[in-house]
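*Asks:* What follows is the file entry32.cif, containing mmCIF, C-alpha atoms:
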data_protein
loop_
_atom_site.group_PDB
_atom_site.id
_atom_site.type_symbol
_atom_site.label_atom_id
_atom_site.label_comp_id
_atom_site.auth_asym_id
_atom_site.auth_seq_id
_atom_site.Cartn_x
_atom_site.Cartn_y
_atom_site.Cartn_z
ATOM 1 C CA MET I 39 -6.352 -11.385 1.381
ATOM 2 C CA GLU I 40 -6.459 -14.295 -1.073
ATOM 3 C CA LYS I 41 -9.857 -15.498 0.205
ATOM 4 C CA TYR I 42 -11.167 -11.937 -0.004
ATOM 5 C CA ASN I 43 -9.988 -11.555 -3.597
ATOM 6 C CA GLU I 44 -11.459 -14.921 -4.590
ATOM 7 C CA THR I 45 -14.858 -14.611 -2.931
ATOM 8 C CA VAL I 46 -15.660 -11.040 -1.930
ATOM 9 C CA ALA I 47 -13.889 -8.503 -4.123
ATOM 10 C CA ASP I 48 -16.254 -8.900 -7.091
ATOM 11 C CA ASN I 49 -19.298 -10.041 -5.098
ATOM 12 C CA ASN I 50 -22.016 -7.408 -4.761
ATOM 13 C CA LYS I 51 -23.792 -9.467 -2.065
ATOM 14 C CA VAL I 52 -20.953 -9.059 0.468
ATOM 15 C CA ALA I 53 -18.889 -6.133 1.746
ATOM 16 C CA PHE I 54 -16.004 -6.158 4.185
ATOM 17 C CA ILE I 55 -15.607 -3.372 6.730
ATOM 18 C CA HIS I 56 -12.623 -3.126 9.041
ATOM 19 C CA ILE I 57 -13.694 -1.785 12.448
ATOM 20 C CA SER I 58 -10.473 -0.608 13.999
ATOM 21 C CA GLN I 59 -9.460 -1.274 17.582
ATOM 22 C CA ASP I 60 -6.355 0.851 17.270
ATOM 23 C CA SER I 61 -5.789 3.550 19.856
ATOM 24 C CA SER I 62 -5.753 6.359 17.302
ATOM 25 C CA ASP I 63 -7.010 7.157 13.839
ATOM 26 C CA SER I 64 -3.455 7.495 12.543
ATOM 27 C CA ASP I 65 -2.496 4.042 13.881
ATOM 28 C CA ALA I 66 -5.557 2.548 12.152
ATOM 29 C CA GLU I 67 -4.784 4.315 8.878
ATOM 30 C CA ASP I 68 -1.121 3.237 9.019
ATOM 31 C CA TRP I 69 -2.053 -0.413 9.593
ATOM 32 C CA ALA I 70 -4.727 -0.449 6.881
ATOM 33 C CA THR I 71 -2.281 1.116 4.434
ATOM 34 C CA ALA I 72 0.557 -1.254 5.368
ATOM 35 C CA GLU I 73 -1.753 -4.249 4.894
ATOM 36 C CA SER I 74 -3.185 -2.821 1.630
ATOM 37 C CA PHE I 75 -6.788 -3.232 2.793
ATOM 38 C CA PRO I 76 -9.075 -2.747 -0.209
ATOM 39 C CA TRP I 77 -12.114 -2.354 2.069
ATOM 40 C CA LEU I 78 -13.428 0.487 4.191
ATOM 41 C CA THR I 79 -11.692 1.073 7.515
ATOM 42 C CA VAL I 80 -13.817 2.642 10.228
ATOM 43 C CA LEU I 81 -11.453 4.737 12.326
ATOM 44 C CA PRO I 82 -11.499 4.601 16.148
ATOM 45 C CA ASP I 83 -13.150 8.001 16.601
ATOM 46 C CA ASP I 84 -15.898 7.008 14.145
ATOM 47 C CA VAL I 85 -16.421 3.644 15.863
ATOM 48 C CA LYS I 86 -17.051 5.443 19.145
ATOM 49 C CA ARG I 87 -19.687 7.673 17.511
ATOM 50 C CA SER I 88 -21.474 4.885 15.657
ATOM 51 C CA ASP I 89 -23.484 1.756 16.331
ATOM 52 C CA LEU I 90 -20.571 -0.282 15.008
ATOM 53 C CA ALA I 91 -18.977 -0.618 18.454
ATOM 54 C CA GLU I 92 -21.224 -3.606 19.149
ATOM 55 C CA TYR I 93 -19.399 -5.486 16.374
ATOM 56 C CA HIS I 94 -15.970 -4.771 17.800
ATOM 57 C CA THR I 95 -13.656 -7.722 17.870
ATOM 58 C CA ARG I 96 -13.396 -10.075 20.767
ATOM 59 C CA SER I 97 -10.008 -10.928 22.276
ATOM 60 C CA VAL I 98 -8.486 -12.163 19.012
ATOM 61 C CA VAL I 99 -7.365 -10.007 16.086
ATOM 62 C CA PRO I 100 -8.521 -10.221 13.420
ATOM 63 C CA PHE I 101 -11.981 -11.307 14.473
ATOM 64 C CA TYR I 102 -14.645 -11.674 11.818
ATOM 65 C CA THR I 103 -18.349 -11.048 12.345
ATOM 66 C CA MET I 104 -20.829 -11.318 9.506
ATOM 67 C CA VAL I 105 -24.038 -9.321 9.734
ATOM 68 C CA ASP I 106 -27.002 -9.179 7.411
ATOM 69 C CA GLY I 107 -28.558 -6.033 5.975
ATOM 70 C CA ASP I 108 -30.517 -5.514 9.199
ATOM 71 C CA GLY I 109 -27.397 -5.678 11.386
ATOM 72 C CA LYS I 110 -28.144 -9.145 12.764
ATOM 73 C CA GLU I 111 -25.074 -11.323 13.362
ATOM 74 C CA VAL I 112 -25.239 -14.426 11.167
ATOM 75 C CA ALA I 113 -21.740 -15.861 11.613
ATOM 76 C CA ASN I 114 -18.559 -15.380 13.609
ATOM 77 C CA GLY I 115 -15.018 -16.400 12.783
ATOM 78 C CA SER I 116 -13.207 -16.561 9.490
ATOM 79 C CA SER I 117 -14.117 -20.142 8.609
ATOM 80 C CA ALA I 118 -17.844 -19.760 9.294
ATOM 81 C CA ILE I 119 -18.010 -16.481 7.421
ATOM 82 C CA PHE I 120 -16.255 -17.724 4.311
ATOM 83 C CA GLN I 121 -18.586 -20.749 4.290
ATOM 84 C CA LYS I 122 -21.575 -18.358 4.344
ATOM 85 C CA ILE I 123 -20.001 -16.287 1.579
ATOM 86 C CA ALA I 124 -19.511 -19.417 -0.531
ATOM 87 C CA LYS I 125 -23.242 -20.155 -0.158
ATOM 88 C CA LEU I 126 -24.126 -16.604 -1.205
ATOM 89 C CA VAL I 127 -21.887 -16.859 -4.256
ATOM 90 C CA ALA I 128 -23.562 -20.132 -5.246
ATOM 91 C CA GLU I 129 -27.067 -18.587 -5.129
#
Just give me the structure as structure tokens.

*Replies:*
Amino acid sequence: MEKYNETVADNNKVAFIHISQDSSDSDAEDWATAESFPWLTVLPDDVKRSDLAEYHTRSVVPFYTMVDGDGKEVANGSSAIFQKIAKLVAE
């Protein structure tokens, strides 16, 4: 959360979206609330109905994928993504 607050929270070039892998909407909402996520959480039923399923996490949680405005993946993993964000902030 600290990296998010430092580099993303006030950055209009980047947005975080949590794509839930929970088994139910209520489980996803409970976890997001418990963790105090300040970003949008896409609930399991909505993930199934959207094109966001292709960005679902791999075998590790949390898994980070960064996509551009066209939906193209540009980075994977926390370290790579926060490096990209740092570059965006510097521009």

*Asks:* Ranking I:Val105, I:Ala118, I:Val52, I:Ala47 by minimum distance to Pro76 of chain I and counting only C-alpha atoms, which one comes first?

*Replies:*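 The shortest atom-to-atom distance to Pro76 of chain I comes from I:Ala47.
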
*Asks:* If we count all atoms listed in the file and set the cut-off at 7 Å, which residues sit around Leu81 of chain I, ignoring sequence neighbours fewer than 5 positions away in its own chain? Please answer as a PyMOL selection string.

*Replies:* chain I and resi 57-58+63+66

*Asks:* Rounded to one decimal place, report the atom CA of Asp84 of chain I-atom CA of Asp68 of chain I distance in Å.

*Replies:*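 Computing it gives 16.1 Å between the two atoms.
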
*Asks:* Specify as a PyMOL selection string each residue included when the PyMOL selection byres ((chain I and resi 122) around 12) is applied to this file.

*Replies:* chain I and resi 45-46+51-52+103-106+111-121+123-129

*Asks:* Just to confirm, what's the straight-line distance from atom CA of His56 of chain I to atom CA of Val85 of chain I in Å (one decimal)?

*Replies:* 10.3 Å

*Asks:* For segment 48-51 of chain I, take all atoms listed in the file, fit an axis-aligned box around them, add 3 Å to each of the six sides, then output centre and edge lengths in Å rounded to one decimal, as JSON.

*Replies:*
{"center_x": -20.0, "center_y": -8.7, "center_z": -4.6, "size_x": 13.5, "size_y": 8.6, "size_z": 11.0}

*Asks:* Once the PyMOL selection byres ((chain I and resi 67) around 12) is applied to the coordinates I shared, what remains selected? I want it as an MDAnalysis selection string.

*Replies:* chainID I and resid 56:66 68:75 78:83

*Asks:* Out of I:Phe54, I:Asp108, I:Phe101, I:Arg87, which residue has the shortest atom-to-atom distance to Lys41 of chain I when counting only C-alpha atoms?

*Replies:*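 Going through I:Phe54, I:Asp108, I:Phe101, I:Arg87 one by one, the smallest distance to Lys41 of chain I is for I:Phe54.
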
*Asks:* What does the distance from atom CA of Trp77 of chain I to atom CA of Glu40 of chain I come to in Å, to one decimal?

*Replies:*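 Atom-to-atom, atom CA of Trp77 of chain I and atom CA of Glu40 of chain I are spaced 13.6 Å apart.
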
*Asks:* Take segment 62-82 of chain I, model N, CA, C and O atoms, and hand the result over as a short mmCIF file (atom, residue, chain, number, x, y, z; two decimals), in the frame of the given file.

*Replies:*
data_model
loop_
_atom_site.label_atom_id
_atom_site.label_comp_id
_atom_site.auth_asym_id
_atom_site.auth_seq_id
_atom_site.Cartn_x
_atom_site.Cartn_y
_atom_site.Cartn_z
N SER I 62 -5.60 5.06 17.96
CA SER I 62 -5.75 6.36 17.30
C SER I 62 -6.11 6.16 15.84
O SER I 62 -5.86 5.10 15.25
N ASP I 63 -6.68 7.21 15.26
CA ASP I 63 -7.01 7.16 13.84
C ASP I 63 -5.77 6.95 12.99
O ASP I 63 -5.78 6.17 12.04
N SER I 64 -4.68 7.62 13.35
CA SER I 64 -3.46 7.50 12.54
C SER I 64 -2.89 6.08 12.61
O SER I 64 -2.40 5.56 11.60
N ASP I 65 -2.95 5.43 13.78
CA ASP I 65 -2.50 4.04 13.88
C ASP I 65 -3.34 3.13 12.99
O ASP I 65 -2.82 2.25 12.31
N ALA I 66 -4.66 3.36 12.99
CA ALA I 66 -5.56 2.55 12.15
C ALA I 66 -5.26 2.77 10.68
O ALA I 66 -5.19 1.80 9.90
N GLU I 67 -5.08 4.01 10.28
CA GLU I 67 -4.78 4.32 8.88
C GLU I 67 -3.45 3.71 8.46
O GLU I 67 -3.32 3.16 7.36
N ASP I 68 -2.44 3.80 9.33
CA ASP I 68 -1.12 3.24 9.02
C ASP I 68 -1.21 1.73 8.81
O ASP I 68 -0.61 1.19 7.88
N TRP I 69 -1.94 1.04 9.70
CA TRP I 69 -2.05 -0.41 9.59
C TRP I 69 -2.82 -0.80 8.33
O TRP I 69 -2.41 -1.70 7.60
N ALA I 70 -3.93 -0.13 8.07
CA ALA I 70 -4.73 -0.45 6.88
C ALA I 70 -3.91 -0.22 5.61
O ALA I 70 -3.99 -1.01 4.66
N THR I 71 -3.13 0.83 5.59
CA THR I 71 -2.28 1.12 4.43
C THR I 71 -1.18 0.07 4.29
O THR I 71 -0.94 -0.44 3.20
N ALA I 72 -0.53 -0.26 5.40
CA ALA I 72 0.56 -1.25 5.37
C ALA I 72 0.05 -2.62 4.90
O ALA I 72 0.76 -3.34 4.20
N GLU I 73 -1.17 -2.96 5.27
CA GLU I 73 -1.75 -4.25 4.89
C GLU I 73 -2.46 -4.20 3.55
O GLU I 73 -2.97 -5.22 3.08
N SER I 74 -2.52 -3.02 2.93
CA SER I 74 -3.18 -2.82 1.63
C SER I 74 -4.65 -3.26 1.64
O SER I 74 -5.12 -3.90 0.71
N PHE I 75 -5.37 -2.89 2.71
CA PHE I 75 -6.79 -3.23 2.79
C PHE I 75 -7.54 -2.56 1.65
O PHE I 75 -7.50 -1.35 1.51
N PRO I 76 -8.27 -3.34 0.86
CA PRO I 76 -9.07 -2.75 -0.21
C PRO I 76 -10.47 -2.35 0.27
O PRO I 76 -11.26 -1.82 -0.50
N TRP I 77 -10.80 -2.63 1.53
CA TRP I 77 -12.11 -2.35 2.07
C TRP I 77 -12.09 -1.14 2.99
O TRP I 77 -11.04 -0.66 3.39
N LEU I 78 -13.26 -0.66 3.32
CA LEU I 78 -13.43 0.49 4.19
C LEU I 78 -12.87 0.20 5.58
O LEU I 78 -13.11 -0.87 6.13
N THR I 79 -12.14 1.15 6.13
CA THR I 79 -11.69 1.07 7.52
C THR I 79 -12.43 2.14 8.31
O THR I 79 -12.39 3.32 7.97
N VAL I 80 -13.14 1.71 9.34
CA VAL I 80 -13.82 2.64 10.23
C VAL I 80 -12.83 2.99 11.33
O VAL I 80 -12.38 2.13 12.09
N LEU I 81 -12.47 4.27 11.39
CA LEU I 81 -11.45 4.74 12.33
C LEU I 81 -11.99 4.77 13.76
O LEU I 81 -13.19 4.89 13.98
N PRO I 82 -11.08 4.67 14.75
CA PRO I 82 -11.50 4.60 16.15
C PRO I 82 -12.48 5.69 16.58
O PRO I 82 -13.46 5.40 17.27
#
